[in-house]
$ cat my_file.txt   # compact mmCIF, C-alpha atoms
# COMPACT_ATOMS: atom_id res chain seq x y z
CA MET A 1 33.64 1.25 -13.36
CA GLU A 2 30.40 3.23 -13.13
CA GLN A 3 29.79 4.54 -9.62
CA LYS A 4 26.33 3.97 -8.18
CA ARG A 5 24.30 6.98 -7.19
CA PRO A 6 23.63 7.24 -3.44
CA LEU A 7 20.58 5.29 -2.28
CA ILE A 8 18.21 7.47 -0.27
CA LEU A 9 15.37 6.03 1.83
CA ILE A 10 12.54 8.47 2.56
CA THR A 11 9.75 8.12 5.11
CA ASN A 12 7.52 10.41 7.16
CA ASP A 13 4.76 10.36 9.76
CA ASP A 14 2.04 12.17 7.80
CA GLY A 15 1.60 9.26 5.42
CA LEU A 16 1.53 8.87 1.68
CA GLY A 17 -0.07 11.81 -0.13
CA ALA A 18 1.34 14.46 2.21
CA ARG A 19 2.74 17.38 0.21
CA GLY A 20 5.84 17.48 2.38
CA LEU A 21 6.73 13.89 1.52
CA GLU A 22 6.24 14.50 -2.18
CA HIS A 23 8.30 17.70 -2.09
CA LEU A 24 11.18 16.01 -0.25
CA THR A 25 11.11 13.13 -2.74
CA ARG A 26 11.33 15.50 -5.71
CA ILE A 27 14.38 17.15 -4.17
CA ALA A 28 16.04 13.85 -3.27
CA VAL A 29 15.74 12.33 -6.75
CA THR A 30 18.10 15.03 -8.00
CA LEU A 31 20.73 13.74 -5.55
CA GLY A 32 20.42 9.96 -5.70
CA ASP A 33 18.28 6.89 -6.23
CA VAL A 34 15.22 7.18 -4.00
CA VAL A 35 12.88 4.66 -2.41
CA VAL A 36 9.92 5.96 -0.39
CA VAL A 37 8.51 3.75 2.38
CA ALA A 38 5.82 5.71 4.22
CA PRO A 39 3.05 4.86 6.68
CA ALA A 40 -0.26 3.90 5.09
CA THR A 41 -2.08 6.22 7.52
CA PRO A 42 -1.02 9.34 9.49
CA GLN A 43 1.24 8.47 12.43
CA SER A 44 1.98 11.82 14.11
CA GLY A 45 3.10 11.60 17.72
CA LYS A 46 4.21 7.97 17.45
CA SER A 47 7.83 8.74 18.37
CA SER A 48 9.83 5.48 18.17
CA ALA A 49 6.81 3.19 18.52
CA ILE A 50 6.91 -0.18 16.77
CA THR A 51 4.12 -2.63 15.93
CA VAL A 52 4.38 -5.87 17.92
CA ASN A 53 0.89 -7.40 18.20
CA THR A 54 -0.49 -7.12 14.66
CA PRO A 55 0.90 -8.14 11.25
CA LEU A 56 2.44 -5.56 8.95
CA TYR A 57 1.65 -5.23 5.24
CA ILE A 58 3.61 -3.60 2.43
CA GLU A 59 1.87 -2.16 -0.63
CA GLU A 60 3.51 -0.71 -3.74
CA HIS A 61 2.23 2.55 -5.27
CA PRO A 62 2.89 4.63 -8.41
CA THR A 63 6.30 6.25 -8.57
CA ILE A 64 7.04 9.89 -7.69
CA ASP A 65 9.43 11.41 -10.27
CA GLY A 66 10.97 7.98 -10.76
CA ALA A 67 11.23 7.09 -7.06
CA GLN A 68 9.75 3.76 -6.02
CA VAL A 69 6.95 4.21 -3.48
CA PHE A 70 5.65 1.78 -0.86
CA THR A 71 3.40 2.04 2.19
CA VAL A 72 3.58 0.05 5.42
CA SER A 73 0.59 -0.56 7.69
CA GLY A 74 2.52 0.65 10.73
CA THR A 75 4.57 3.40 12.32
CA PRO A 76 7.45 5.44 10.87
CA VAL A 77 9.95 3.21 12.67
CA ASP A 78 8.20 0.15 11.24
CA CYS A 79 8.72 1.74 7.81
CA VAL A 80 12.47 2.02 8.33
CA LYS A 81 12.79 -1.48 9.74
CA LEU A 82 10.71 -3.13 7.00
CA ALA A 83 12.43 -1.10 4.29
CA MET A 84 15.75 -2.50 5.45
CA TYR A 85 14.39 -6.04 5.76
CA ALA A 86 12.01 -6.48 2.84
CA VAL A 87 12.14 -3.57 0.36
CA LEU A 88 15.66 -2.31 -0.32
CA ASP A 89 18.18 -4.33 -2.30
CA ARG A 90 21.13 -2.63 -0.59
CA ARG A 91 21.89 -0.58 2.48
CA PRO A 92 20.87 3.07 2.03
CA ASP A 93 23.49 5.79 2.13
CA LEU A 94 21.04 8.24 3.70
CA ILE A 95 17.65 8.25 5.42
CA LEU A 96 15.38 11.30 5.19
CA SER A 97 12.16 11.78 7.13
CA GLY A 98 9.55 14.45 6.35
CA ILE A 99 9.03 17.10 5.33
CA ASN A 100 6.71 17.10 8.34
CA HIS A 101 3.61 19.30 8.43
CA GLY A 102 4.20 20.91 11.84
CA SER A 103 7.00 21.77 14.24
CA ASN A 104 9.41 19.22 15.66
CA ALA A 105 11.49 21.87 17.41
CA ALA A 106 12.16 22.03 21.16
CA ILE A 107 10.62 19.17 23.19
CA ASN A 108 8.49 18.09 20.20
CA ASN A 109 11.47 16.04 19.05
CA ILE A 110 10.78 13.28 21.61
CA TYR A 111 7.13 12.84 20.57
CA SER A 112 7.71 13.05 16.85
CA GLY A 113 7.17 10.13 14.49
CA THR A 114 9.27 12.05 11.98
CA MET A 115 12.19 12.06 14.37
CA GLY A 116 11.49 8.52 15.59
CA ALA A 117 12.24 7.33 12.06
CA THR A 118 15.28 9.62 11.87
CA MET A 119 16.69 8.25 15.11
CA GLU A 120 16.05 4.68 13.97
CA GLY A 121 18.24 5.36 10.97
CA CYS A 122 20.91 6.78 13.26
CA ILE A 123 20.73 3.71 15.49
CA LEU A 124 21.38 1.61 12.38
CA GLY A 125 24.48 3.68 11.65
CA ILE A 126 23.02 5.43 8.61
CA PRO A 127 23.28 9.25 8.26
CA SER A 128 19.74 10.50 8.88
CA ILE A 129 17.91 13.83 8.72
CA GLY A 130 14.42 14.80 9.83
CA TYR A 131 12.85 17.83 8.09
CA SER A 132 9.86 19.80 9.39
CA LEU A 133 7.95 22.96 8.47
CA LEU A 134 6.12 24.92 11.17
CA SER A 135 2.80 24.67 9.36
CA HIS A 136 0.09 22.05 9.83
CA SER A 137 -1.70 23.10 6.67
CA PRO A 138 -2.09 20.22 4.18
CA ASN A 139 -1.53 22.84 1.46
CA ALA A 140 1.59 24.38 3.01
CA ASP A 141 4.08 25.95 0.60
CA PHE A 142 7.35 24.00 0.69
CA ASP A 143 8.97 25.76 -2.29
CA PRO A 144 10.97 28.31 -0.20
CA LEU A 145 12.68 25.39 1.59
CA THR A 146 13.99 23.74 -1.56
CA PRO A 147 17.51 25.24 -1.75
CA PHE A 148 18.07 24.70 1.97
CA VAL A 149 16.91 21.08 1.94
CA ARG A 150 18.95 20.33 -1.16
CA GLU A 151 22.12 21.91 0.28
CA ILE A 152 21.84 20.22 3.70
CA THR A 153 21.07 16.85 2.13
CA ALA A 154 23.90 17.12 -0.38
CA LYS A 155 26.40 18.05 2.35
CA VAL A 156 25.42 15.06 4.49
CA ILE A 157 25.66 12.72 1.49
CA ARG A 158 29.12 14.10 0.76
CA GLU A 159 30.50 14.49 4.30
CA GLY A 160 28.42 12.12 6.43
CA LEU A 161 27.59 12.81 10.09
CA PRO A 162 29.42 12.09 13.35
CA GLU A 163 28.81 8.61 14.71
CA GLY A 164 25.63 8.42 16.78
CA ILE A 165 24.31 11.80 15.58
CA CYS A 166 21.32 12.63 13.40
CA LEU A 167 19.83 16.01 12.48
CA ASN A 168 16.51 17.63 13.39
CA VAL A 169 15.91 20.42 10.86
CA ASN A 170 12.99 22.85 11.24
CA PHE A 171 11.86 25.74 9.04
CA PRO A 172 9.65 28.77 9.81
CA LYS A 173 6.34 28.93 7.98
CA GLU A 174 5.09 31.31 5.29
CA CYS A 175 8.46 32.84 4.45
CA THR A 176 11.78 32.21 2.79
CA PRO A 177 14.22 31.45 5.64
CA LEU A 178 16.82 34.15 6.22
CA GLY A 179 19.44 31.47 6.79
CA MET A 180 20.22 28.44 8.95
CA LYS A 181 21.41 28.22 12.55
CA VAL A 182 22.99 25.18 14.22
CA VAL A 183 21.67 25.32 17.78
CA ARG A 184 20.21 23.21 20.60
CA ALA A 185 16.59 22.45 21.38
CA ALA A 186 14.90 24.99 23.60
CA LYS A 187 14.05 23.79 27.09
CA SER A 188 10.29 23.48 26.93
CA ARG A 189 7.25 21.45 27.94
CA TRP A 190 3.65 21.02 26.95
CA THR A 191 0.95 22.28 29.28
CA GLU A 192 -1.19 19.19 28.81
CA GLU A 193 -4.86 19.97 28.53
CA TYR A 194 -7.81 17.95 27.28
CA ALA A 195 -11.11 19.07 25.84
CA THR A 196 -13.97 17.03 27.31
CA TYR A 197 -16.82 15.75 25.16
CA ALA A 198 -19.54 13.13 25.41
CA THR A 199 -20.90 10.53 23.00
CA PRO A 200 -24.62 10.57 22.12
CA HIS A 201 -24.99 7.97 24.88
CA GLY A 202 -23.40 10.27 27.45
CA THR A 203 -20.03 8.51 27.72
CA PRO A 204 -17.26 11.07 28.24
CA PHE A 205 -14.21 11.17 26.02
CA TYR A 206 -11.19 13.46 25.82
CA TRP A 207 -9.23 15.20 23.06
CA LEU A 208 -5.65 16.35 23.60
CA THR A 209 -5.06 20.10 23.29
CA GLY A 210 -2.52 22.12 25.27
CA LYS A 211 0.22 24.64 24.45
CA LEU A 212 3.98 24.52 24.18
CA HIS A 213 5.66 26.48 26.98
CA ASN A 214 9.13 27.68 25.98
CA GLU A 215 11.22 28.27 29.09
CA GLN A 216 14.00 30.00 27.12
CA PRO A 217 12.29 32.41 24.70
CA ASP A 218 15.18 34.89 24.70
CA ASP A 219 18.07 32.44 24.40
CA PRO A 220 19.81 32.72 20.99
CA ALA A 221 21.40 29.30 21.51
CA THR A 222 18.02 27.61 20.98
CA ASP A 223 15.91 26.59 17.99
CA GLU A 224 12.68 28.33 19.04
CA TYR A 225 14.49 31.68 19.28
CA TRP A 226 15.65 31.56 15.66
CA LEU A 227 12.52 30.01 14.20
CA LYS A 228 10.55 33.00 15.50
CA ARG A 229 13.04 35.22 13.66
CA GLN A 230 12.53 33.51 10.28
CA TYR A 231 15.64 31.32 10.38
CA GLY A 232 15.76 27.59 9.85
CA THR A 233 17.39 25.53 12.59
CA ILE A 234 19.57 22.42 12.69
CA VAL A 235 19.73 20.56 16.00
CA PRO A 236 22.13 17.60 16.35
CA ILE A 237 20.30 14.74 18.07
CA ARG A 238 21.80 11.76 19.91
CA PRO A 239 19.41 8.79 20.24
CA ASP A 240 21.51 7.41 23.13
CA GLN A 241 19.95 9.27 26.06
CA THR A 242 22.35 7.90 28.67
CA ALA A 243 23.34 10.66 31.12
CA VAL A 244 27.01 9.66 31.11
CA ASP A 245 28.02 12.71 33.16
CA GLU A 246 25.68 11.62 35.98
CA ILE A 247 26.75 7.98 36.35
CA GLY A 248 29.14 8.78 39.20
CA ASN A 249 26.54 10.82 41.07
CA ILE A 250 23.90 8.09 40.79
CA GLU A 251 26.44 5.45 41.79
CA ASN A 252 27.26 7.44 44.91
CA LEU A 253 23.59 7.89 45.69
CA MET A 254 22.90 4.15 45.39
CA SER A 255 25.88 3.24 47.60
CA ARG A 256 24.87 5.45 50.54
CA GLU A 257 23.81 3.61 53.67
CA GLU A 258 20.49 4.35 55.32

$ encode --input "my_file.txt" --output "structure tokens"
Amino acid sequence: MEQKRPLILITNDDGLGARGLEHLTRIAVTLGDVVVVAPATPQSGKSSAITVNTPLYIEEHPTIDGAQVFTVSGTPVDCVKLAMYAVLDRRPDLILSGINHGSNAAINNIYSGTMGATMEGCILGIPSIGYSLLSHSPNADFDPLTPFVREITAKVIREGLPEGICLNVNFPKECTPLGMKVVRAAKSRWTEEYATYATPHGTPFYWLTGKLHNEQPDDPATDEYWLKRQYGTIVPIRPDQTAVDEIGNIENLMSREE
């Protein structure tokens, strides 16, 4: 009996036409049957948002190296959900998201549409990987990442991932990575700032700026440390954010009398 090739679902948050999505697709078609379901418009920063108050539309597009391609008029998580419901003819063996134009290391993971889609796959019990390059350039060079993406993807297809775990993979920009490090996300936060402008009618509006503040710049157990040293990083992510180790403490706190 002929064995089916693995079915790989690919999405992203930069939308159809992003070089990172096309590059990831061209790698994935060497490893399995690929279906791309991407947002119709850029969806950066959408995290795990879903569309609830407007209808969603699916549109088919020309193939990429033989991979079927569709867009969804929604978020990255919408793409995963609708792919499972209305596009795919069988359950995928793997979900890939990216390759994102920009970092999803450190605290960026919780804001990321790339990782929102990755975590949705994990919630569904499907091995899932989010890939990102630390460059926002639409013309970023993804070629140096190819052997690393292919090897990581092939290993996960072959070996799977622990239950409830997905991967957040980031690569340094403008270099060939020196290697890969499996680490944790650096403790960090954004110093939220907004640039203030005004419309021609004088109505003020605001544009998000700000900088990432890494609280552990010298800690070799973190992703930011190695990315600054030209290594790629792999961070295991658990969508279940329950603080199991703190349940007893919170229970005690709630039971205290005034």

$ closest_residue --input "my_file.txt" --among "A:Ala243, A:Val77, A:Leu178, A:Ala38" --to "Glu59 (chain A)" --atoms "only C-alpha atoms"
A:Ala38

$ atom_distance --input "my_file.txt" --atom1 "CA of Phe205 (chain A)" --atom2 "CA of Pro42 (chain A)"
21.2 Å

$ closest_atom_pairs --input "my_file.txt" --of "region 16-65 of chain A" --to "region 109-112 of chain A" --cutoff "9 Å" --atoms "all atoms listed in the file" --output "JSON lines"
{"residue": "A:Ser44", "atom": "CA", "partner": "A:Ser112", "partner_atom": "CA", "distance": 6.5}
{"residue": "A:Gly45", "atom": "CA", "partner": "A:Ser112", "partner_atom": "CA", "distance": 4.9}
{"residue": "A:Lys46", "atom": "CA", "partner": "A:Ser112", "partner_atom": "CA", "distance": 6.2}
{"residue": "A:Ser47", "atom": "CA", "partner": "A:Ser112", "partner_atom": "CA", "distance": 4.6}
{"residue": "A:Ser48", "atom": "CA", "partner": "A:Ser112", "partner_atom": "CA", "distance": 8.0}

$ write_last_selection --input "my_file.txt" --atoms "C-alpha atoms" --output "PDB file, in the frame of the given file"
ATOM      1  CA  SER A  44       1.980  11.820  14.110  1.00  0.00           C
ATOM      2  CA  GLY A  45       3.100  11.600  17.720  1.00  0.00           C
ATOM      3  CA  LYS A  46       4.210   7.970  17.450  1.00  0.00           C
ATOM      4  CA  SER A  47       7.830   8.740  18.370  1.00  0.00           C
ATOM      5  CA  SER A  48       9.830   5.480  18.170  1.00  0.00           C
TER       6      SER A  48
END

$ atom_distance --input "my_file.txt" --atom1 "CA of Met119 (chain A)" --atom2 "CA of Pro239 (chain A)"
5.8 Å

$ closest_residue --input "my_file.txt" --among "A:Ile152, A:Ile95, A:Ala86, A:Val183" --to "Ile123 (chain A)" --atoms "all atoms listed in the file"
A:Ile95

$ closest_atom_pairs --input "my_file.txt" --of "region 137-255 of chain A" --to "region 3-17 of chain A" --cutoff "10 Å" --atoms "only C-alpha atoms" --output "CSV"
residue,atom,partner,partner_atom,distance
A:Pro138,CA,A:Gly17,CA,9.7
A:Ile157,CA,A:Pro6,CA,7.6
A:Arg158,CA,A:Pro6,CA,9.7

$ atom_distance --input "my_file.txt" --atom1 "CA of Val169 (chain A)" --atom2 "CA of Gln241 (chain A)"
19.3 Å

$ residues_around --input "my_file.txt" --residues "Thr196 (chain A)" --least-positions-apart "5" --cutoff "10 Å" --atoms "all atoms listed in the file" --output "VMD selection string"
chain A and resid 204 to 208

$ closest_residue --input "my_file.txt" --among "A:Ile126, A:Ala105, A:Val36, A:Ala49" --to "Ala83 (chain A)" --atoms "only C-alpha atoms"
A:Val36

$ residues_around --input "my_file.txt" --residues "Gly98 (chain A)" --least-positions-apart "2" --cutoff "12 Å" --atoms "only C-alpha atoms" --output "number ranges by chain"
A: 9-25, 27-28, 36-39, 43-44, 76, 95-96, 100-104, 112-118, 128-133, 142, 149, 168-171

$ decode --input "my_file.txt" --residues "region 140-192 of chain A" --atoms "C-alpha atoms" --output "mmCIF file, in the first residue's frame"
data_model
loop_
_atom_site.group_PDB
_atom_site.id
_atom_site.type_symbol
_atom_site.label_atom_id
_atom_site.label_comp_id
_atom_site.auth_asym_id
_atom_site.auth_seq_id
_atom_site.Cartn_x
_atom_site.Cartn_y
_atom_site.Cartn_z
ATOM 1 C CA ALA A 140 14.763 39.993 3.521
ATOM 2 C CA ASP A 141 17.085 37.153 2.507
ATOM 3 C CA PHE A 142 15.689 33.846 3.777
ATOM 4 C CA ASP A 143 18.143 31.602 1.908
ATOM 5 C CA PRO A 144 20.599 31.165 4.844
ATOM 6 C CA LEU A 145 17.733 29.709 6.926
ATOM 7 C CA THR A 146 16.848 26.958 4.474
ATOM 8 C CA PRO A 147 18.896 24.046 5.891
ATOM 9 C CA PHE A 148 17.846 24.882 9.451
ATOM 10 C CA VAL A 149 14.141 25.155 8.631
ATOM 11 C CA ARG A 150 14.245 21.949 6.605
ATOM 12 C CA GLU A 151 16.045 20.013 9.359
ATOM 13 C CA ILE A 152 13.799 21.234 12.193
ATOM 14 C CA THR A 153 10.654 20.604 10.164
ATOM 15 C CA ALA A 154 11.773 17.143 9.088
ATOM 16 C CA LYS A 155 12.620 16.166 12.674
ATOM 17 C CA VAL A 156 9.206 17.251 13.953
ATOM 18 C CA ILE A 157 7.464 15.363 11.127
ATOM 19 C CA ARG A 158 9.472 12.273 12.026
ATOM 20 C CA GLU A 159 9.483 12.500 15.831
ATOM 21 C CA GLY A 160 6.498 14.693 16.697
ATOM 22 C CA LEU A 161 6.436 17.016 19.724
ATOM 23 C CA PRO A 162 5.485 16.491 23.381
ATOM 24 C CA GLU A 163 1.768 16.837 24.058
ATOM 25 C CA GLY A 164 0.742 20.455 24.592
ATOM 26 C CA ILE A 165 4.023 21.877 23.253
ATOM 27 C CA CYS A 166 4.720 23.886 20.104
ATOM 28 C CA LEU A 167 7.931 25.581 18.952
ATOM 29 C CA ASN A 168 8.837 29.249 18.540
ATOM 30 C CA VAL A 169 11.873 29.390 16.231
ATOM 31 C CA ASN A 170 13.719 32.668 15.576
ATOM 32 C CA PHE A 171 16.710 33.433 13.362
ATOM 33 C CA PRO A 172 19.183 36.352 13.413
ATOM 34 C CA LYS A 173 19.122 38.640 10.385
ATOM 35 C CA GLU A 174 21.689 39.213 7.644
ATOM 36 C CA CYS A 175 23.847 36.185 8.415
ATOM 37 C CA THR A 176 24.032 32.425 8.231
ATOM 38 C CA PRO A 177 23.208 31.196 11.760
ATOM 39 C CA LEU A 178 26.151 29.666 13.597
ATOM 40 C CA GLY A 179 23.858 26.971 14.970
ATOM 41 C CA MET A 180 20.672 26.472 16.982
ATOM 42 C CA LYS A 181 20.051 26.768 20.723
ATOM 43 C CA VAL A 182 17.070 25.362 22.622
ATOM 44 C CA VAL A 183 16.413 27.966 25.316
ATOM 45 C CA ARG A 184 13.665 29.928 27.081
ATOM 46 C CA ALA A 185 12.218 33.307 26.220
ATOM 47 C CA ALA A 186 14.061 36.237 27.751
ATOM 48 C CA LYS A 187 12.184 38.105 30.458
ATOM 49 C CA SER A 188 11.311 41.347 28.723
ATOM 50 C CA ARG A 189 8.691 44.039 28.203
ATOM 51 C CA TRP A 190 7.868 46.782 25.769
ATOM 52 C CA THR A 191 8.286 50.377 26.870
ATOM 53 C CA GLU A 192 5.018 51.462 25.296
#
